[in-house]
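*Asks:* What follows is upload_33.txt; its format and atoms are compact mmCIF, C-alpha atoms.
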# COMPACT_ATOMS: atom_id res chain seq x y z
CA MET A 17 -106.79 -156.79 158.48
CA THR A 18 -106.04 -158.51 161.76
CA PHE A 19 -105.39 -155.15 163.44
CA LEU A 20 -108.62 -153.67 162.04
CA SER A 21 -110.58 -156.75 163.08
CA SER A 22 -109.10 -156.49 166.57
CA GLN A 23 -110.02 -152.80 166.77
CA SER A 24 -113.55 -153.55 165.55
CA ALA A 25 -113.93 -156.31 168.11
CA ARG A 26 -112.73 -154.06 170.93
CA ALA A 27 -115.09 -151.28 169.79
CA SER A 28 -118.01 -153.69 169.67
CA ALA A 29 -117.15 -155.00 173.14
CA ALA A 30 -116.93 -151.44 174.48
CA ARG A 31 -120.32 -150.57 173.01
CA ALA A 32 -121.82 -153.73 174.50
CA ASP A 33 -120.33 -152.95 177.94
CA ASN A 34 -121.61 -149.38 177.77
CA ASN A 35 -125.06 -150.59 176.69
CA ASN A 36 -125.19 -153.12 179.53
CA SER A 37 -124.14 -150.41 181.98
CA VAL A 38 -126.97 -148.14 180.79
CA ILE A 39 -129.52 -150.97 180.99
CA ARG A 40 -128.41 -151.87 184.52
CA ARG A 41 -128.75 -148.24 185.60
CA VAL A 42 -132.22 -147.93 184.09
CA ALA A 43 -133.33 -151.28 185.53
CA SER A 44 -132.00 -150.36 188.97
CA ALA A 45 -133.72 -146.97 188.85
CA SER A 46 -137.01 -148.57 187.85
CA ALA A 47 -136.70 -151.23 190.56
CA ILE A 48 -135.92 -148.71 193.32
CA GLY A 49 -138.76 -146.44 192.26
CA THR A 50 -141.14 -149.41 192.13
CA ALA A 51 -139.95 -150.52 195.58
CA ALA A 52 -140.78 -147.05 196.91
CA GLU A 53 -144.30 -147.19 195.49
CA TYR A 54 -144.98 -150.76 196.60
CA TYR A 55 -143.61 -149.98 200.04
CA ASP A 56 -146.45 -147.48 200.32
CA PHE A 57 -149.06 -149.96 199.13
CA PHE A 58 -147.90 -152.88 201.27
CA ALA A 59 -147.49 -150.74 204.37
CA TYR A 60 -151.23 -150.21 204.18
CA GLY A 61 -151.92 -153.92 203.66
CA THR A 62 -149.92 -154.85 206.79
CA ALA A 63 -151.47 -152.11 208.89
CA ALA A 64 -154.96 -153.07 207.69
CA VAL A 65 -154.52 -156.53 209.21
CA LEU A 66 -152.82 -155.43 212.43
CA PHE A 67 -154.19 -151.99 213.34
CA PHE A 68 -156.66 -150.25 211.04
CA GLY A 69 -159.69 -152.36 211.89
CA HIS A 70 -159.54 -151.11 215.48
CA LEU A 71 -158.29 -147.57 214.79
CA PHE A 72 -160.51 -146.56 211.87
CA PHE A 73 -163.38 -149.09 211.82
CA PRO A 74 -164.15 -149.98 215.46
CA SER A 75 -166.62 -152.83 215.99
CA ASP A 76 -167.52 -155.41 218.63
CA ASN A 77 -166.63 -158.12 216.10
CA PRO A 78 -162.89 -158.06 215.18
CA LEU A 79 -163.57 -159.87 211.87
CA VAL A 80 -166.07 -157.17 210.86
CA SER A 81 -163.46 -154.51 211.62
CA THR A 82 -160.90 -156.37 209.52
CA LEU A 83 -163.44 -156.73 206.70
CA ALA A 84 -164.03 -152.97 206.75
CA ALA A 85 -160.29 -152.28 206.72
CA PHE A 86 -159.84 -154.57 203.70
CA ALA A 87 -162.71 -152.80 201.97
CA THR A 88 -160.52 -149.68 201.88
CA TYR A 89 -157.63 -151.86 200.69
CA ALA A 90 -159.86 -152.85 197.74
CA VAL A 91 -160.78 -149.20 197.14
CA GLY A 92 -157.15 -148.51 196.25
CA PHE A 93 -157.36 -151.10 193.50
CA LEU A 94 -160.52 -149.51 192.11
CA ALA A 95 -158.51 -146.38 191.28
CA ARG A 96 -155.66 -148.32 189.67
CA PRO A 97 -157.27 -148.86 186.23
CA ILE A 98 -158.08 -145.14 186.07
CA GLY A 99 -154.48 -144.28 186.93
CA GLY A 100 -153.26 -146.87 184.44
CA ILE A 101 -155.39 -145.40 181.64
CA ILE A 102 -154.39 -141.80 182.34
CA PHE A 103 -150.68 -142.43 182.89
CA GLY A 104 -150.62 -144.95 180.05
CA HIS A 105 -151.88 -142.14 177.82
CA ILE A 106 -149.24 -139.78 179.25
CA GLY A 107 -146.56 -142.43 178.75
CA ASP A 108 -147.52 -142.93 175.10
CA LYS A 109 -148.03 -139.24 174.34
CA VAL A 110 -145.61 -137.28 176.55
CA GLY A 111 -143.03 -139.81 177.71
CA ARG A 112 -142.40 -142.79 179.99
CA LYS A 113 -140.08 -140.84 182.30
CA LYS A 114 -142.49 -137.97 183.01
CA ALA A 115 -145.26 -140.40 183.96
CA LEU A 116 -142.94 -142.27 186.36
CA VAL A 117 -141.86 -139.08 188.12
CA VAL A 118 -145.45 -137.99 188.72
CA THR A 119 -146.64 -141.39 189.96
CA ILE A 120 -143.95 -141.71 192.62
CA LEU A 121 -144.83 -138.26 193.96
CA ILE A 122 -148.55 -139.09 194.14
CA VAL A 123 -148.12 -142.36 196.01
CA GLY A 124 -145.46 -140.96 198.33
CA LEU A 125 -147.64 -138.02 199.32
CA GLY A 126 -150.58 -140.32 200.03
CA THR A 127 -148.56 -142.63 202.27
CA PHE A 128 -147.03 -139.79 204.27
CA CYS A 129 -150.51 -138.37 204.87
CA ILE A 130 -151.72 -141.71 206.29
CA GLY A 131 -149.00 -141.38 208.93
CA LEU A 132 -150.48 -138.04 209.98
CA LEU A 133 -154.14 -139.07 209.85
CA PRO A 134 -156.27 -138.76 213.03
CA THR A 135 -158.12 -141.94 214.03
CA TYR A 136 -161.83 -142.63 214.54
CA ALA A 137 -161.53 -141.84 218.26
CA THR A 138 -160.39 -138.30 217.38
CA ILE A 139 -162.50 -137.19 214.40
CA GLY A 140 -165.14 -139.91 214.11
CA ILE A 141 -166.48 -140.82 210.67
CA TRP A 142 -164.09 -138.41 208.95
CA ALA A 143 -161.18 -140.72 209.81
CA PRO A 144 -162.30 -143.63 207.58
CA VAL A 145 -163.53 -141.18 204.93
CA SER A 146 -160.10 -139.53 204.81
CA LEU A 147 -158.43 -142.93 204.68
CA ILE A 148 -160.56 -143.93 201.68
CA VAL A 149 -159.67 -140.70 199.83
CA ILE A 150 -155.97 -141.32 200.41
CA ARG A 151 -156.31 -144.93 199.27
CA LEU A 152 -157.89 -143.71 196.04
CA LEU A 153 -154.95 -141.35 195.59
CA GLN A 154 -152.46 -144.16 196.19
CA GLY A 155 -154.23 -146.53 193.82
CA PHE A 156 -154.35 -143.85 191.13
CA GLY A 157 -150.57 -143.38 191.36
CA VAL A 158 -149.67 -147.07 191.51
CA GLY A 159 -151.94 -147.66 188.50
CA GLY A 160 -149.56 -145.67 186.34
CA GLU A 161 -146.39 -146.99 187.93
CA GLN A 162 -145.86 -150.58 186.90
CA ALA A 163 -146.54 -150.26 183.17
CA GLY A 164 -144.14 -147.34 182.83
CA ALA A 165 -141.42 -148.95 184.96
CA VAL A 166 -141.30 -152.29 183.12
CA LEU A 167 -141.70 -150.55 179.79
CA MET A 168 -138.78 -148.19 180.36
CA THR A 169 -136.46 -151.11 181.13
CA ALA A 170 -137.84 -153.41 178.42
CA GLU A 171 -137.35 -150.75 175.74
CA TYR A 172 -133.74 -150.17 176.79
CA ALA A 173 -132.85 -153.88 176.92
CA GLN A 174 -131.52 -155.91 174.00
CA PRO A 175 -134.22 -158.34 172.77
CA ALA A 176 -132.16 -161.45 173.55
CA ARG A 177 -131.84 -160.48 177.26
CA ARG A 178 -135.06 -158.51 177.70
CA GLY A 179 -136.65 -161.11 179.96
CA TYR A 180 -133.72 -160.93 182.38
CA PHE A 181 -133.34 -157.15 182.55
CA ALA A 182 -137.07 -156.35 182.59
CA SER A 183 -137.53 -158.76 185.49
CA TRP A 184 -135.27 -156.55 187.63
CA VAL A 185 -138.16 -154.10 187.89
CA GLN A 186 -140.27 -156.86 189.44
CA ILE A 187 -137.80 -157.10 192.33
CA GLY A 188 -139.26 -153.80 193.50
CA ALA A 189 -142.53 -155.46 194.60
CA PRO A 190 -141.05 -158.00 197.07
CA THR A 191 -138.54 -155.40 198.27
CA GLY A 192 -141.33 -152.89 198.76
CA PHE A 193 -143.21 -155.55 200.72
CA LEU A 194 -140.28 -156.52 202.94
CA LEU A 195 -139.34 -153.03 204.09
CA PRO A 196 -142.62 -152.07 205.84
CA LEU A 197 -143.04 -155.63 207.16
CA ALA A 198 -139.55 -155.51 208.69
CA LEU A 199 -140.27 -152.08 210.16
CA PHE A 200 -143.55 -153.23 211.71
CA ALA A 201 -141.83 -156.34 213.11
CA SER A 202 -139.00 -154.25 214.61
CA LEU A 203 -141.42 -151.77 216.14
CA ASN A 204 -143.49 -154.62 217.58
CA ALA A 205 -140.34 -155.93 219.27
CA LEU A 206 -139.32 -152.52 220.64
CA LEU A 207 -142.68 -151.05 221.66
CA THR A 208 -145.55 -152.23 223.81
CA ALA A 209 -148.91 -153.12 222.25
CA ASP A 210 -150.39 -149.86 223.58
CA GLN A 211 -147.55 -147.81 222.10
CA MET A 212 -147.94 -149.51 218.73
CA MET A 213 -151.67 -148.83 218.72
CA SER A 214 -151.16 -145.25 219.90
CA TRP A 215 -148.36 -143.99 217.62
CA GLY A 216 -145.98 -146.79 216.57
CA TRP A 217 -148.05 -147.77 213.53
CA ARG A 218 -147.45 -144.28 212.08
CA VAL A 219 -143.66 -144.62 211.87
CA PRO A 220 -143.43 -146.78 208.67
CA PHE A 221 -145.77 -144.40 206.86
CA LEU A 222 -143.80 -141.31 207.83
CA LEU A 223 -140.44 -142.95 207.00
CA SER A 224 -141.69 -143.71 203.49
CA ALA A 225 -140.80 -140.13 202.59
CA LEU A 226 -137.09 -141.08 202.65
CA LEU A 227 -137.54 -143.92 200.17
CA VAL A 228 -139.65 -141.76 197.86
CA ILE A 229 -136.98 -139.04 197.84
CA VAL A 230 -134.32 -141.59 196.89
CA GLY A 231 -136.52 -143.11 194.18
CA LEU A 232 -137.42 -139.69 192.76
CA PHE A 233 -133.77 -138.59 192.69
CA ILE A 234 -132.73 -141.71 190.77
CA ARG A 235 -135.59 -141.49 188.29
CA LEU A 236 -134.82 -137.87 187.48
CA ARG A 237 -131.27 -138.91 186.49
CA ILE A 238 -132.24 -141.39 183.76
CA ASP A 239 -133.01 -140.49 180.14
CA GLU A 240 -136.24 -141.08 178.26
CA SER A 241 -136.71 -144.46 176.60
CA PRO A 242 -134.77 -144.37 173.28
CA VAL A 243 -137.57 -146.22 171.50
CA PHE A 244 -140.13 -143.61 172.61
CA ALA A 245 -137.72 -140.77 171.76
CA GLU A 246 -137.51 -142.15 168.23
CA ILE A 247 -141.26 -142.22 167.62
CA ARG A 248 -141.61 -138.75 169.15
CA ALA A 249 -138.94 -137.46 166.78
CA THR A 250 -140.86 -138.86 163.81
CA LYS A 251 -144.20 -137.70 165.29
CA ALA A 252 -145.47 -141.26 165.20
CA ALA A 253 -147.05 -141.15 168.66
CA GLU A 254 -150.71 -142.15 168.50
CA SER A 255 -153.15 -139.39 169.44
CA ARG A 256 -155.57 -141.83 171.11
CA PRO A 257 -153.50 -144.85 172.21
CA LEU A 258 -156.14 -146.43 174.47
CA LYS A 259 -158.79 -146.27 171.73
CA GLU A 260 -156.43 -148.00 169.30
CA VAL A 261 -155.59 -150.70 171.87
CA MET A 262 -159.25 -151.53 172.39
CA GLN A 263 -160.09 -151.38 168.69
CA THR A 264 -157.18 -153.43 167.38
CA SER A 265 -156.44 -155.85 170.23
CA PRO A 266 -159.56 -156.57 172.35
CA GLY A 267 -158.88 -160.32 172.43
CA LEU A 268 -155.26 -159.72 173.38
CA VAL A 269 -156.30 -157.45 176.25
CA LEU A 270 -158.90 -159.95 177.49
CA SER A 271 -156.42 -162.84 177.43
CA GLY A 272 -153.76 -160.70 179.11
CA VAL A 273 -156.12 -159.70 181.93
CA ALA A 274 -157.07 -163.35 182.43
CA ALA A 275 -153.40 -164.36 182.53
CA LYS A 276 -152.63 -161.68 185.12
CA LEU A 277 -155.27 -162.91 187.60
CA ILE A 278 -153.39 -165.83 189.16
CA GLU A 279 -150.20 -163.83 189.70
CA ALA A 280 -152.04 -160.86 191.23
CA CYS A 281 -154.10 -163.17 193.42
CA ALA A 282 -151.10 -165.22 194.57
CA PHE A 283 -148.98 -162.40 195.97
CA ALA A 284 -151.91 -160.77 197.78
CA LEU A 285 -152.99 -164.13 199.21
CA PHE A 286 -149.57 -165.36 200.33
CA THR A 287 -148.43 -162.05 201.85
CA VAL A 288 -151.54 -160.25 203.15
CA ILE A 289 -154.69 -162.40 203.19
CA ILE A 290 -152.87 -165.30 204.82
CA LEU A 291 -152.29 -163.16 207.92
CA ALA A 292 -156.03 -162.60 208.29
CA TRP A 293 -156.66 -166.35 207.81
CA GLY A 294 -154.01 -167.21 210.39
CA LYS A 295 -155.51 -164.72 212.83
CA ALA A 296 -158.98 -166.27 212.38
CA ASN A 297 -157.53 -169.75 213.07
CA GLN A 298 -155.33 -168.75 216.04
CA LEU A 299 -152.13 -169.72 214.23
CA ASP A 300 -148.80 -168.40 215.45
CA SER A 301 -148.45 -165.08 213.61
CA SER A 302 -144.67 -165.05 214.15
CA VAL A 303 -144.35 -168.40 212.31
CA LEU A 304 -146.38 -167.06 209.39
CA MET A 305 -144.52 -163.77 209.18
CA GLU A 306 -141.03 -165.28 209.51
CA SER A 307 -141.77 -167.91 206.85
CA MET A 308 -143.23 -165.24 204.60
CA ILE A 309 -140.19 -163.00 204.99
CA VAL A 310 -137.78 -165.82 204.10
CA ALA A 311 -139.86 -166.77 201.03
CA VAL A 312 -140.03 -163.15 199.83
CA ILE A 313 -136.27 -162.67 200.33
CA LEU A 314 -135.64 -165.78 198.23
CA GLU A 315 -138.05 -164.46 195.58
CA ILE A 316 -135.86 -161.40 195.10
CA PHE A 317 -133.19 -163.78 193.77
CA ALA A 318 -135.66 -166.09 191.99
CA ILE A 319 -137.23 -163.34 189.88
CA PRO A 320 -134.17 -162.51 187.69
CA LEU A 321 -133.45 -166.24 187.33
CA MET A 322 -136.97 -166.80 186.01
CA GLY A 323 -136.60 -163.75 183.77
CA ALA A 324 -133.42 -165.23 182.30
CA LEU A 325 -135.16 -168.59 181.90
CA SER A 326 -137.91 -166.87 179.88
CA ASP A 327 -135.20 -165.67 177.46
CA ARG A 328 -134.04 -169.25 176.95
CA ILE A 329 -137.28 -171.25 176.74
CA GLY A 330 -139.91 -168.54 176.23
CA ARG A 331 -142.20 -166.33 178.32
CA LYS A 332 -145.20 -168.63 177.96
CA PRO A 333 -143.77 -171.91 179.34
CA VAL A 334 -142.35 -170.20 182.45
CA PHE A 335 -145.62 -168.38 183.17
CA LEU A 336 -147.70 -171.53 182.55
CA LEU A 337 -145.54 -173.63 184.90
CA GLY A 338 -145.86 -171.00 187.62
CA ALA A 339 -149.64 -170.81 187.29
CA LEU A 340 -149.93 -174.61 187.41
CA LEU A 341 -147.69 -174.79 190.47
CA ILE A 342 -149.84 -172.28 192.36
CA VAL A 343 -153.08 -174.08 191.51
CA LEU A 344 -151.75 -177.56 192.29
CA SER A 345 -150.06 -176.53 195.52
CA ILE A 346 -152.87 -174.46 197.07
CA VAL A 347 -154.51 -177.33 199.02
CA PRO A 348 -151.18 -178.75 200.32
CA PHE A 349 -150.23 -175.16 201.16
CA PHE A 350 -153.14 -174.69 203.57
CA LEU A 351 -152.80 -178.20 205.00
CA ALA A 352 -149.15 -177.48 205.80
CA LEU A 353 -149.91 -174.13 207.43
CA GLN A 354 -152.61 -175.69 209.59
CA GLN A 355 -149.94 -177.78 211.36
CA ASN A 356 -148.49 -174.56 212.83
CA SER A 357 -145.01 -175.94 212.17
CA TYR A 358 -142.27 -173.52 211.17
CA TRP A 359 -140.57 -175.90 208.71
CA LEU A 360 -143.76 -177.08 207.02
CA THR A 361 -144.94 -173.47 206.75
CA GLN A 362 -141.58 -172.43 205.34
CA ILE A 363 -141.54 -175.16 202.69
CA ALA A 364 -145.12 -174.31 201.67
CA MET A 365 -144.26 -170.61 201.35
CA ILE A 366 -141.15 -171.31 199.25
CA VAL A 367 -143.04 -173.58 196.83
CA ALA A 368 -146.05 -171.29 196.41
CA LEU A 369 -144.50 -167.83 196.71
CA THR A 370 -140.79 -168.08 195.90
CA LEU A 371 -141.25 -170.49 192.98
CA GLY A 372 -144.90 -170.27 191.87
CA HIS A 373 -145.29 -166.51 192.02
CA SER A 374 -141.84 -165.63 190.64
CA MET A 375 -142.43 -167.88 187.61
CA CYS A 376 -145.58 -165.86 186.82
CA TYR A 377 -144.27 -162.45 187.83
CA ALA A 378 -140.85 -162.39 186.13
CA PRO A 379 -141.79 -163.13 182.49
CA GLN A 380 -144.76 -160.76 182.34
CA ALA A 381 -142.37 -157.77 182.59
CA SER A 382 -141.06 -158.56 179.10
CA TRP A 383 -144.05 -160.49 177.72
CA PHE A 384 -146.70 -157.79 178.11
CA PRO A 385 -144.57 -155.03 176.45
CA GLU A 386 -143.77 -157.34 173.54
CA LEU A 387 -147.48 -157.81 172.84
CA PHE A 388 -148.01 -154.21 171.65
CA PRO A 389 -146.38 -151.84 169.13
CA THR A 390 -144.38 -148.94 170.58
CA HIS A 391 -146.89 -146.13 170.07
CA ILE A 392 -149.65 -147.81 172.13
CA ARG A 393 -147.48 -150.02 174.35
CA CYS A 394 -147.79 -148.09 177.61
CA SER A 395 -151.59 -147.95 177.38
CA GLY A 396 -151.85 -151.63 176.42
CA ILE A 397 -149.74 -152.80 179.37
CA ALA A 398 -151.54 -150.50 181.80
CA VAL A 399 -154.98 -151.87 180.86
CA ILE A 400 -153.90 -155.51 181.26
CA TRP A 401 -151.90 -154.90 184.42
CA GLN A 402 -154.36 -152.79 186.35
CA ILE A 403 -157.63 -154.51 185.46
CA GLY A 404 -155.98 -157.83 186.23
CA SER A 405 -154.69 -156.46 189.54
CA LEU A 406 -158.10 -155.04 190.42
CA ILE A 407 -159.81 -158.40 189.93
CA GLY A 408 -156.99 -160.62 191.18
CA SER A 409 -155.78 -158.59 194.18
CA GLY A 410 -158.24 -155.79 194.93
CA ILE A 411 -161.46 -157.77 194.91
CA LEU A 412 -159.63 -160.68 196.57
CA GLY A 413 -158.95 -158.60 199.69
CA LEU A 414 -162.62 -157.95 200.28
CA THR A 415 -163.83 -161.33 199.02
CA ALA A 416 -161.31 -163.33 201.03
CA VAL A 417 -162.28 -161.84 204.38
CA LYS A 418 -165.96 -162.36 203.50
CA ILE A 419 -165.18 -166.00 202.58
CA LEU A 420 -163.48 -166.45 205.95
CA GLN A 421 -166.53 -164.98 207.66
CA VAL A 422 -168.95 -167.31 205.82
CA THR A 423 -166.80 -170.44 206.28
CA ASP A 424 -165.89 -169.71 209.92
CA GLY A 425 -162.24 -169.27 209.00
CA HIS A 426 -161.86 -172.53 207.02
CA TRP A 427 -159.37 -172.59 204.16
CA TYR A 428 -161.39 -174.48 201.54
CA GLY A 429 -163.28 -171.36 200.37
CA LEU A 430 -159.99 -169.56 199.66
CA ALA A 431 -158.57 -172.65 197.92
CA ILE A 432 -161.59 -172.87 195.62
CA TYR A 433 -161.34 -169.16 194.86
CA VAL A 434 -157.65 -169.48 193.89
CA GLY A 435 -158.39 -172.60 191.83
CA VAL A 436 -161.09 -170.82 189.80
CA LEU A 437 -158.86 -167.80 189.11
CA GLY A 438 -156.04 -170.17 188.19
CA LEU A 439 -158.15 -171.98 185.59
CA ILE A 440 -159.20 -168.64 184.07
CA SER A 441 -155.55 -167.59 183.91
CA LEU A 442 -154.50 -170.84 182.26
CA ALA A 443 -157.18 -170.30 179.60
CA GLY A 444 -155.90 -166.75 179.00
CA LEU A 445 -152.27 -167.89 178.87
CA ALA A 446 -153.10 -170.55 176.28
CA ARG A 447 -154.44 -167.85 173.93
CA LEU A 448 -151.47 -165.48 174.19
CA PRO A 449 -148.70 -165.72 171.56
CA GLU A 450 -145.10 -166.47 172.49
CA THR A 451 -143.07 -163.27 171.99
CA ALA A 452 -139.55 -164.14 173.15
CA PRO A 453 -137.01 -163.69 170.29
CA GLY A 454 -135.86 -167.09 169.09
CA GLN A 455 -139.01 -168.76 170.44
CA ARG A 456 -141.62 -167.06 168.25
CA ASN A 457 -143.72 -169.40 166.16
CA ALA A 458 -146.51 -169.37 163.59
CA GLU A 459 -148.94 -168.31 166.34
CA TYR A 460 -146.94 -165.11 166.90
CA HIS A 461 -146.68 -164.24 163.22
CA SER A 462 -150.39 -164.95 162.70
CA TRP A 463 -151.23 -162.65 165.60
CA GLN A 464 -148.96 -159.91 164.21
CA ARG A 465 -150.86 -159.91 160.88
CA ARG A 466 -154.24 -159.30 162.52
Take the structure in the file and write it out as structure tokens.
*Replies:*
Amino acid sequence: MTFLSSQSARASAARADNNNSVIRRVASASAIGTAAEYYDFFAYGTAAVLFFGHLFFPSDNPLVSTLAAFATYAVGFLARPIGGIIFGHIGDKVGRKKALVVTILIVGLGTFCIGLLPTYATIGIWAPVSLIVIRLLQGFGVGGEQAGAVLMTAEYAQPARRGYFASWVQIGAPTGFLLPLALFASLNALLTADQMMSWGWRVPFLLSALLVIVGLFIRLRIDESPVFAEIRATKAAESRPLKEVMQTSPGLVLSGVAAKLIEACAFALFTVIILAWGKANQLDSSVLMESMIVAVILEIFAIPLMGALSDRIGRKPVFLLGALLIVLSIVPFFLALQQNSYWLTQIAMIVALTLGHSMCYAPQASWFPELFPTHIRCSGIAVIWQIGSLIGSGILGLTAVKILQVTDGHWYGLAIYVGVLGLISLAGLARLPETAPGQRNAEYHSWQRR
């Protein structure tokens, strides 16, 4: 009996090790693919602040040029819900893996084309028109990316550690932000201002092809989600997943979109909009960018920690604490940055971005998938994620620059905007059920019976 028990224990341990190895491979593949797609999106955000206003939207007023450049940034978000709906349907009907392969190709092609695009000085009005078309293409692809990536990992992971493993996918966003930012910073150090404006800005867009190839290669090597494979085998896949989501869970979708707002707003504000605010207030851009880079690097490590914390105490408490931290810290954040001090700016960035954003971003990778049954899960996540991103990030880009224009660059308009979105998110979070295994309560079981 002892021998048999020992054999059984060793077999169980081997299965667990093999399962963990598979989950790590899937999570890493999802994270790298997500990093490739977010590299493409954030490369545009950085270039919009630094170059595109002059190159594609020339004006006597630099703020007007920046506003026009951010308008195209918002255009990309307009296409994201459409991409989310279509690829959510593909993910629920055809497979998570197939949707992820197509989305990375779409976004990669769009980014590479931006690197080849002639400017306004060369082809006139067709330059901004072409840029808008490419942005729509990028937004369409990214719209289908995030839901499929977190879902693939969440469905592979064991329930007790789903928060931790699913949060690995979220590392792709800060990594995808850091890579183009580091490239732009390196090019700025190596090239003159004229060289950067002439051709240097194109380099990060053209180099994105390498990252997309790596991401595509890795994604092609992973298997379909076992949970989806099971419902396909039993022909349980819903023929109209989006319709069922909206018919059976409208309140859930509305609360999820509201919850998403503060997280989507925070990352866009602290990594992109803040550069435009600093430029309008003649702050040292190197101080802002260096502080931002340190905070984002630290967030790469904070995200899995917050994911693991959501397994221990629940998705909802971690998300709520993050949202509260962002709202309560927004005024001190701007006051600190106004001092133009590296250390004050760094501390403000770490509190708001490293801690506040990661506490919102990490748990949603497991929380949102756990809200929906398997056969409509991809569509449900996509609707919440992309509509929330459109309102929280996409509209913010255009609104924020307009707020800066109306307030002559003062921070209070942006702080009020973040505070309002934060209150909406807190209301949405309060209505969502806790889904973490071991933390589920009567609220969860009541919601399941609806």
*Asks:* Take CA of Ser241 (chain A) and CA of Lys113 (chain A) and report the distance between them in Å, one decimal.
*Replies:*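 CA of Lys113 (chain A) lies 7.5 Å from CA of Ser241 (chain A).
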*Asks:* In Å to one decimal, how far is CA of Phe57 (chain A) from CA of Leu133 (chain A)?
*Replies:*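 Between these atoms lies a distance of 16.1 Å.
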*Asks:* May I have the residues within 9 Å of Gly157 (chain A) as a ChimeraX atom specification, using only C-alpha atoms and disregarding those fewer than 6 positions away in the same chain?
*Replies:* /A:53,95-96,99-100,103,118-124
*Asks:* Write out as a count of residues only each polymer residue whose atoms come within 12 Å of Val149 (chain A), counting only C-alpha atoms; drop sequence neighbours fewer than 3 positions from it.
*Replies:* 21
*Asks:* Can you list, as a ChimeraX atom specification, every protein, DNA or RNA residue that comes within 12 Å of Tyr428 (chain A) when you count only C-alpha atoms, leaving out same-chain residues fewer than 6 positions away?
*Replies:* /A:293,346-351,354,416,419-420,422,434-435
*Asks:* Write out as a list in words each polymer residue whose atoms come within 9 Å of Pro379 (chain A), counting all atoms listed in the file; drop sequence neighbours fewer than 4 positions from it.
*Replies:*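 Near neighbours after the sequence-gap exclusion: Gly179, Tyr180, Ala182, Ser183, Ile319, Met322, Gly323, Ala324, Leu325, Ser326, Asp327, Gly330, Arg331, Lys332, Val334, Phe335, Ser374, Met375, Trp383 and Phe384 of chain A.
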*Asks:* Measure the distance from CA of Ser357 (chain A) to CA of Ile309 (chain A) in Å and round it to one decimal.
*Replies:*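 So the answer is 15.6 Å.
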*Asks:* I need the residue nearest Phe67 (chain A) from this list: A:Val436, A:Leu277, A:Ile238, A:Ala292. Use all atoms listed in the file for the distance.
*Replies:*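 Ranking A:Val436, A:Leu277, A:Ile238, A:Ala292 by distance to Phe67 (chain A), first place goes to A:Ala292.
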*Asks:* Could you tell me which of A:Leu442, A:Ala43, A:Leu132, A:Ile278 comes closest to Glu171 (chain A) if we count all atoms listed in the file?
*Replies:* A:Ala43
*Asks:* In terms of the shortest atom-to-atom distance over all atoms listed in the file, which of A:Val185, A:Leu147, A:Leu430, A:Leu232 is closest to Phe68 (chain A)?
*Replies:* A:Leu147
*Asks:* Using all atoms listed in the file, which of A:Leu116, A:Ile141, A:Glu260, A:Gly164 sits nearest Phe73 (chain A)?
*Replies:* A:Ile141
*Asks:* Can you pull out every residue within 9 Å of region 201-209 of chain A, counting all atoms listed in the file, but drop anything in the same chain fewer than 6 positions away, and send it as a ChimeraX atom specification?
*Replies:* /A:216-217,219,305
*Asks:* A:Phe233, A:Trp427, A:Tyr172, A:Trp359: which is nearest Ala296 (chain A), counting only C-alpha atoms?
*Replies:*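 Residue with the minimum atom-to-atom distance to Ala296 (chain A): A:Trp427.
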*Asks:* Up to 12 Å from (-155.9, -159.6, 192.7) in the file's coordinates: name the residues, counting all atoms listed in the file, as a short mmCIF file (atom, residue, chain, number, x, y, z; two decimals) with C-alpha atoms, in the coordinates of the input.
*Replies:*
data_model
loop_
_atom_site.label_atom_id
_atom_site.label_comp_id
_atom_site.auth_asym_id
_atom_site.auth_seq_id
_atom_site.Cartn_x
_atom_site.Cartn_y
_atom_site.Cartn_z
CA TYR A 89 -157.63 -151.86 200.69
CA ALA A 90 -159.86 -152.85 197.74
CA GLY A 92 -157.15 -148.51 196.25
CA PHE A 93 -157.36 -151.10 193.50
CA LEU A 94 -160.52 -149.51 192.11
CA ARG A 96 -155.66 -148.32 189.67
CA VAL A 273 -156.12 -159.70 181.93
CA ALA A 274 -157.07 -163.35 182.43
CA ALA A 275 -153.40 -164.36 182.53
CA LYS A 276 -152.63 -161.68 185.12
CA LEU A 277 -155.27 -162.91 187.60
CA ILE A 278 -153.39 -165.83 189.16
CA GLU A 279 -150.20 -163.83 189.70
CA ALA A 280 -152.04 -160.86 191.23
CA CYS A 281 -154.10 -163.17 193.42
CA ALA A 282 -151.10 -165.22 194.57
CA PHE A 283 -148.98 -162.40 195.97
CA ALA A 284 -151.91 -160.77 197.78
CA LEU A 285 -152.99 -164.13 199.21
CA PHE A 286 -149.57 -165.36 200.33
CA VAL A 288 -151.54 -160.25 203.15
CA ILE A 289 -154.69 -162.40 203.19
CA TRP A 401 -151.90 -154.90 184.42
CA GLN A 402 -154.36 -152.79 186.35
CA ILE A 403 -157.63 -154.51 185.46
CA GLY A 404 -155.98 -157.83 186.23
CA SER A 405 -154.69 -156.46 189.54
CA LEU A 406 -158.10 -155.04 190.42
CA ILE A 407 -159.81 -158.40 189.93
CA GLY A 408 -156.99 -160.62 191.18
CA SER A 409 -155.78 -158.59 194.18
CA GLY A 410 -158.24 -155.79 194.93
CA ILE A 411 -161.46 -157.77 194.91
CA LEU A 412 -159.63 -160.68 196.57
CA GLY A 413 -158.95 -158.60 199.69
CA LEU A 414 -162.62 -157.95 200.28
CA THR A 415 -163.83 -161.33 199.02
CA ALA A 416 -161.31 -163.33 201.03
CA TYR A 433 -161.34 -169.16 194.86
CA VAL A 434 -157.65 -169.48 193.89
CA LEU A 437 -158.86 -167.80 189.11
CA GLY A 438 -156.04 -170.17 188.19
CA SER A 441 -155.55 -167.59 183.91
#
